[in-house]
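As structure tokens, the structure follows; a few thoughts come after it.
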Amino acid sequence: MNTDRTTLKTKNNLIYTVFVAPAILLTILFVFVPLFIGIYYSFRDWNGISISSHFVGIRNYSNALSDKAFVGTIGFTLKYALVMVISYNILGLMLAILLNRNLKLKGILRAVYFMPIVIGTATVGYLWNFIIGTFMPYMGKTVGIGIFEKNWLAYPVTAFLSLVIVSLWQGTGYYMIIYLAGLQNVPSDILEAAKIDGAGAKACFFKIILPLIRPSITICLFLSIVNSLKAFDLNYSLTTGGPYGTTKTIAYQIFLDAFNADQLSYASAKAVIFSIVIGIVAIAQVRVTRRKEVEM
């Protein structure tokens, strides 16, 4: 009997290993190996081309922290992340509540709102670059709408607004699906009992629904914070950091340092600092929201 259990356990472990091993191997090769290589070169002076490099200690880190351009990109990235985290979660939750009702076309609407997320971010950026930079000014002049006559990507304020709008257009559906899954797990009998006791829609939302979907809120906050802080594709394809570098994110600045300026070690130091910042923010957010879940 014990022998059969041992054999079954060994077989199950083997099956688990076969399925999990490829994922672990790919994670090691494409996440951890580049991470440690990046940390190694952040302490050296290497342009990414030459064979040799030499140790420079923390010089790259001190230069990065005193780099005004890098500090500027940090400020812009934090501003962008703050706007996107708030917007993603509010709009995602609003759409989820709307599409959780008994609507005839809710299946089609869910697919429509989710569809932009499956399109490549670079493709979305180039498409909206044409719409905002070429098509919209043409239509504005034709129809006579002054606000649309200018190229929004040519001015700092409207370029930032364009980045936010396109990001919301593409990404809100993703967070909507997560919130929708949380809303569908809210027991209907609890809501019905609350309504019978005289609770209004506002009380039901804040006292019942929000506390019960806190796991979904934790996930959406985590994903929106991390994705907004490390934004690159849309920034590269839509605004290219312009105008005058006013919409450069940290990830895009690191890319320029590494591959345009051939300062791979310097870019690696910035990437390490950036990773630490993202890690601290993400861990702090998860700890706070998880504590709220426990208190529920």
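Lettering and numbering for the structure tokens are positional, with chains as A, B, ... in the shown order, residues counted from 1 in each chain, and ligands counted from 1 in the shown order.
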Extract the full set of helix (DSSP H, G or I) residues from segment 25-244 of chain A according to DSSP on the backbone, and format it as a VMD selection string.
chain A and resid 25 to 42 59 to 65 68 to 99 106 to 118 121 to 143 146 to 148 152 to 154 156 to 184 188 to 196 201 to 212 214 to 229 233 to 239
Any idea what's packed within 10 Å of Asn185 of chain A, counting only C-alpha atoms, ignoring anything in its chain fewer than 4 positions away? Could you give it as a PyMOL selection string?
chain A and resi 180-181+209+212-213
Per-residue nearest contacts segment 250-281 of chain A to segment 33-39 of chain A, cut-off 9 Å, using only C-alpha atoms, as CSV:
residue,atom,partner,partner_atom,distance
A:Leu264,CA,A:Gly38,CA,8.9
A:Ser265,CA,A:Gly38,CA,7.8
A:Ala267,CA,A:Gly38,CA,9.0
A:Ser268,CA,A:Gly38,CA,5.4
A:Ala269,CA,A:Ile39,CA,7.2
A:Ala271,CA,A:Gly38,CA,8.1
A:Val272,CA,A:Ile39,CA,6.7
Output of the above residues as a PDB file, in the first residue's frame, restricted to N, CA and C atoms:
ATOM      1  N   LEU A 264      25.862  51.415 -22.345  1.00  0.00           N
ATOM      2  CA  LEU A 264      25.128  50.283 -21.797  1.00  0.00           C
ATOM      3  C   LEU A 264      25.301  50.168 -20.289  1.00  0.00           C
ATOM      4  N   SER A 265      26.479  50.383 -19.784  1.00  0.00           N
ATOM      5  CA  SER A 265      26.703  50.292 -18.342  1.00  0.00           C
ATOM      6  C   SER A 265      25.924  51.378 -17.596  1.00  0.00           C
ATOM      7  N   ALA A 267      23.203  52.855 -18.663  1.00  0.00           N
ATOM      8  CA  ALA A 267      21.791  52.488 -18.764  1.00  0.00           C
ATOM      9  C   ALA A 267      21.456  51.352 -17.802  1.00  0.00           C
ATOM     10  N   SER A 268      22.381  50.423 -17.614  1.00  0.00           N
ATOM     11  CA  SER A 268      22.156  49.312 -16.686  1.00  0.00           C
ATOM     12  C   SER A 268      22.008  49.818 -15.258  1.00  0.00           C
ATOM     13  N   ALA A 269      22.815  50.803 -14.882  1.00  0.00           N
ATOM     14  CA  ALA A 269      22.700  51.387 -13.537  1.00  0.00           C
ATOM     15  C   ALA A 269      21.331  52.047 -13.354  1.00  0.00           C
ATOM     16  N   ALA A 271      18.647  51.216 -14.948  1.00  0.00           N
ATOM     17  CA  ALA A 271      17.662  50.135 -14.922  1.00  0.00           C
ATOM     18  C   ALA A 271      17.600  49.476 -13.544  1.00  0.00           C
ATOM     19  N   VAL A 272      18.752  49.325 -12.892  1.00  0.00           N
ATOM     20  CA  VAL A 272      18.773  48.739 -11.547  1.00  0.00           C
ATOM     21  C   VAL A 272      18.045  49.653 -10.562  1.00  0.00           C
TER      22      VAL A 272
END
Per DSSP on the backbone, filter segment 23-123 of chain A down to the residues in strand (DSSP E) and report them as a VMD selection string.
chain A and resid 44 to 45 54 to 55
Just checking: using only C-alpha atoms, which residue out of A:Gly171, A:Gly200, A:Gly242, A:Gly57 ends up closest to Cys220 of chain A?
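Distance minimum relative to Cys220 of chain A lands on A:Gly171.
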Non-local contacts of segment 89-101 of chain A (7 Å; only C-alpha atoms; under 5 positions in same chain excluded) as a PyMOL selection string:
chain A and resi 106+172-173+175-177+179-180+220
Provide the atom CA of Leu65 of chain A to atom CA of Ala231 of chain A distance in Å, to one decimal place.
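One can read the atom CA of Leu65 of chain A to atom CA of Ala231 of chain A distance as 20.4 Å.
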Rank nothing, just name the residue among A:Phe205, A:Phe232, A:Tyr88, A:Phe222 nearest to Trp169 of chain A, using only C-alpha atoms.
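Smallest separation from Trp169 of chain A among the options: A:Tyr88.
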Mind pulling up the distance from atom CA of Gln253 of chain A to atom CA of Phe43 of chain A?
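Here the two named atoms are 19.0 Å from each other.
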Which neighbours of segment 122-133 of chain A fall inside 12 Å, counting only C-alpha atoms, when residues of the same chain fewer than 6 positions from it are skipped, and could you give them as an MDAnalysis selection string?
chainID A and resid 115:116 139:140 147:155 158:159 161:171 231:240
Surrounding residues of segment 276-290 of chain A excluding itself and chain neighbours under 4 positions, 10 Å, only C-alpha atoms, as an MDAnalysis selection string
chainID A and resid 214:215 217:219 221:227 229:230 270:272 294:296
For those residues, write C-alpha atoms to a file as a CSV table (one decimal), in the first residue's frame.
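Below is the file that was written, part-v7.csv:
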chain,number,residue,atom,x,y,z
A,214,ARG,CA,-10.8,43.8,-2.5
A,215,PRO,CA,-8.8,40.9,-4.0
A,217,ILE,CA,-8.7,45.8,-6.4
A,218,THR,CA,-5.3,44.5,-5.1
A,219,ILE,CA,-4.5,42.8,-8.4
A,221,LEU,CA,-3.7,48.2,-8.4
A,222,PHE,CA,-0.5,46.1,-8.6
A,223,LEU,CA,-0.8,45.6,-12.3
A,224,SER,CA,-1.6,49.2,-13.1
A,225,ILE,CA,1.2,50.5,-11.0
A,226,VAL,CA,3.8,48.2,-12.5
A,227,ASN,CA,2.6,48.6,-16.1
A,229,LEU,CA,5.8,52.8,-14.3
A,230,LYS,CA,7.6,50.6,-16.9
A,270,LYS,CA,19.6,53.4,-14.3
A,271,ALA,CA,17.7,50.1,-14.9
A,272,VAL,CA,18.8,48.7,-11.5
A,294,VAL,CA,-7.5,40.7,6.1
A,295,GLU,CA,-9.3,43.4,8.1
A,296,MET,CA,-12.5,42.9,5.9
Take atom CA of Thr246 of chain A and atom CA of Val83 of chain A and report the distance between them in Å, one decimal.
16.0 Å
Got a sec: who's within 9 Å of Cys204 of chain A, counting only C-alpha atoms, leaving out chain neighbours fewer than 6 positions off, as an MDAnalysis selection string?
chainID A and resid 191 194:195 210
Deliver the residues from the most recent selection as a file, using N, CA and C atoms, as an mmCIF file, in the first residue's frame.
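Generated file (again32.cif):
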data_model
loop_
_atom_site.group_PDB
_atom_site.id
_atom_site.type_symbol
_atom_site.label_atom_id
_atom_site.label_comp_id
_atom_site.auth_asym_id
_atom_site.auth_seq_id
_atom_site.Cartn_x
_atom_site.Cartn_y
_atom_site.Cartn_z
ATOM 1 N N LEU A 191 -26.760 41.005 -1.440
ATOM 2 C CA LEU A 191 -27.256 42.269 -1.979
ATOM 3 C C LEU A 191 -28.776 42.360 -1.868
ATOM 4 N N ALA A 194 -29.683 43.097 1.693
ATOM 5 C CA ALA A 194 -29.401 44.496 2.032
ATOM 6 C C ALA A 194 -30.474 45.425 1.469
ATOM 7 N N LYS A 195 -30.923 45.143 0.257
ATOM 8 C CA LYS A 195 -31.963 45.978 -0.352
ATOM 9 C C LYS A 195 -33.286 45.836 0.398
ATOM 10 N N LEU A 210 -17.613 46.839 -2.625
ATOM 11 C CA LEU A 210 -16.190 47.185 -2.539
ATOM 12 C C LEU A 210 -15.414 46.278 -1.585
#
